[in-house]
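Chemist: Handing you this structure, nothing more for now.
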Amino acid sequence: MNRIERRWNKKVGVFVFAWLSFLIWLSCSSFFSSPHDWWTVLYVKEASDETIIITTSYTKVLLGGGVFTILGILLYLVLKIIDAYKITTPN
């Protein structure tokens with residue numbers, strides 16, 4: 001396997017890891033959290049004595065997507081630095 005194939009394999013692997021991590025966070029923050037948790041995407045839209053309307057905050061979803069995108073980029077760069085270090089060091 002040459003360097004270009006390894007680079008693409010890393011890119012695809014990091015993309016899949018970041019995407020699955022985002023989806024796991026999104027499902028957990030939507031279905032298993034309350035609006036009072038700090039990591040949730042839910043917020044109380046309207047509240048009265050009898051009913052509570054809870055919806056999804058699209059701002060928090062976009063912010064979470066941005067965070068996982070940045071984490072994916074940083075992970076790719078760290079893997080790239082580690083691979084460059086392995087190539088330059090003698091065996």
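So you can find residues: chains in the structure tokens are A, B, ... in the order shown, residues in each start at 1, and ligands are numbered from 1 in order.
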Report as JSON, numbers by chain all protein, DNA and RNA residues lying within 10 Å of segment 75-80 of chain A, evaluated on only C-alpha atoms, omitting residues in the same chain fewer than 4 positions from it.

Modeler: {"A": [7, 10, 11, 12, 13, 14, 15, 17, 18, 69, 70, 71, 84, 85, 86]}

Chemist: Take the residues from that selection and write them out as a short mmCIF file (atom, residue, chain, number, x, y, z; two decimals), in the first residue's frame, keeping N, CA and C atoms.

Modeler:
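Final output, result.cif:
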data_model
loop_
_atom_site.label_atom_id
_atom_site.label_comp_id
_atom_site.auth_asym_id
_atom_site.auth_seq_id
_atom_site.Cartn_x
_atom_site.Cartn_y
_atom_site.Cartn_z
N ARG A 7 -3.00 7.57 3.15
CA ARG A 7 -3.56 8.87 3.50
C ARG A 7 -5.08 8.88 3.32
N LYS A 10 -6.73 6.87 6.04
CA LYS A 10 -6.81 7.64 7.28
C LYS A 10 -7.92 8.65 7.23
N LYS A 11 -8.04 9.36 6.11
CA LYS A 11 -9.08 10.37 5.97
C LYS A 11 -10.46 9.73 6.11
N VAL A 12 -10.66 8.62 5.44
CA VAL A 12 -11.96 7.94 5.51
C VAL A 12 -12.21 7.42 6.92
N GLY A 13 -11.20 6.85 7.55
CA GLY A 13 -11.36 6.33 8.91
C GLY A 13 -11.69 7.43 9.91
N VAL A 14 -11.00 8.56 9.81
CA VAL A 14 -11.28 9.68 10.72
C VAL A 14 -12.66 10.24 10.45
N PHE A 15 -13.05 10.35 9.17
CA PHE A 15 -14.39 10.85 8.84
C PHE A 15 -15.47 9.94 9.41
N PHE A 17 -15.20 7.82 11.94
CA PHE A 17 -15.15 7.93 13.40
C PHE A 17 -15.84 9.20 13.89
N ALA A 18 -15.53 10.34 13.27
CA ALA A 18 -16.14 11.61 13.69
C ALA A 18 -17.64 11.61 13.43
N THR A 69 -16.52 18.21 13.97
CA THR A 69 -15.73 18.45 12.76
C THR A 69 -14.32 18.90 13.13
N ILE A 70 -14.21 19.82 14.08
CA ILE A 70 -12.89 20.29 14.53
C ILE A 70 -12.11 19.14 15.18
N LEU A 71 -12.78 18.33 15.99
CA LEU A 71 -12.10 17.18 16.60
C LEU A 71 -11.62 16.19 15.55
N ALA A 84 4.28 10.84 9.92
CA ALA A 84 5.50 11.49 9.43
C ALA A 84 6.68 11.19 10.35
N TYR A 85 6.42 11.11 11.64
CA TYR A 85 7.49 10.79 12.58
C TYR A 85 7.97 9.35 12.40
N LYS A 86 7.05 8.44 12.11
CA LYS A 86 7.43 7.04 11.88
C LYS A 86 8.27 6.89 10.62
#

Chemist: Which residues come within 12 Å of Leu62 of chain A, counting only C-alpha atoms, excluding same-chain residues fewer than 6 positions away, as a list in words?

Modeler: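 In the requested form, the answer reads Phe22, Leu26, Val41, Thr56, Phe68 and Thr69 of chain A.
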
Chemist: Next, write the just-selected residues to a file, as a short mmCIF file (atom, residue, chain, number, x, y, z; two decimals), in the first residue's frame, keeping N, CA and C atoms as the atom set.

Modeler:
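As written to disk, again_20.cif reads:
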data_model
loop_
_atom_site.label_atom_id
_atom_site.label_comp_id
_atom_site.auth_asym_id
_atom_site.auth_seq_id
_atom_site.Cartn_x
_atom_site.Cartn_y
_atom_site.Cartn_z
N PHE A 22 -20.51 11.80 16.29
CA PHE A 22 -21.54 12.85 16.26
C PHE A 22 -22.94 12.25 16.34
N LEU A 26 -25.59 12.84 19.24
CA LEU A 26 -26.89 13.42 18.90
C LEU A 26 -28.04 12.54 19.40
N VAL A 41 -29.40 18.62 23.55
CA VAL A 41 -29.84 19.51 22.49
C VAL A 41 -31.29 19.93 22.71
N THR A 56 -36.06 20.65 20.00
CA THR A 56 -34.64 20.52 19.73
C THR A 56 -34.07 21.87 19.35
N PHE A 68 -17.48 18.40 16.58
CA PHE A 68 -17.01 17.09 16.10
C PHE A 68 -16.22 17.22 14.80
N THR A 69 -16.52 18.21 13.97
CA THR A 69 -15.73 18.45 12.76
C THR A 69 -14.32 18.90 13.13
#

Chemist: With a distance cut-off of 12 Å and only C-alpha atoms, select the neighbouring residues of Phe31 of chain A, excluding the residue or stretch itself and same-chain residues fewer than 4 positions from it, and output the selection as a ChimeraX atom specification.

Modeler: /A:23-27,35,39-42,54-56

Chemist: Could you go through segment 21-75 of chain A and tell me which residues DSSP, when run on the backbone, assigns to alpha helix (DSSP H), listing them as a count of residues only?

Modeler: 29

Chemist: So what do you get for atom CA of Thr88 of chain A versus atom CA of Leu74 of chain A, distance-wise?

Modeler: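 Pair atom CA of Thr88 of chain A / atom CA of Leu74 of chain A returns 21.2 Å.
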
Chemist: To one decimal place in Å, what is the distance between atom CA of Leu20 of chain A and atom CA of Ser57 of chain A?

Modeler: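 Computing it gives 20.2 Å between the two atoms.
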
Chemist: Could you state the separation of atom CA of Asn2 of chain A and atom CA of Trp19 of chain A in Å, given to one decimal place?

Modeler: 25.9 Å

Chemist: Under the rule that only C-alpha atoms are counted, which of A:Asp83, A:Arg6, A:Ser33, A:Tyr43 is the nearest residue to Thr59 of chain A?

Modeler: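 Result for the nearest residue to Thr59 of chain A: A:Tyr43.
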
Chemist: As a ChimeraX atom specification, which residues of segment 18-80 of chain A does DSSP assign to strand (DSSP E)?

Modeler: /A:42-47,52-56
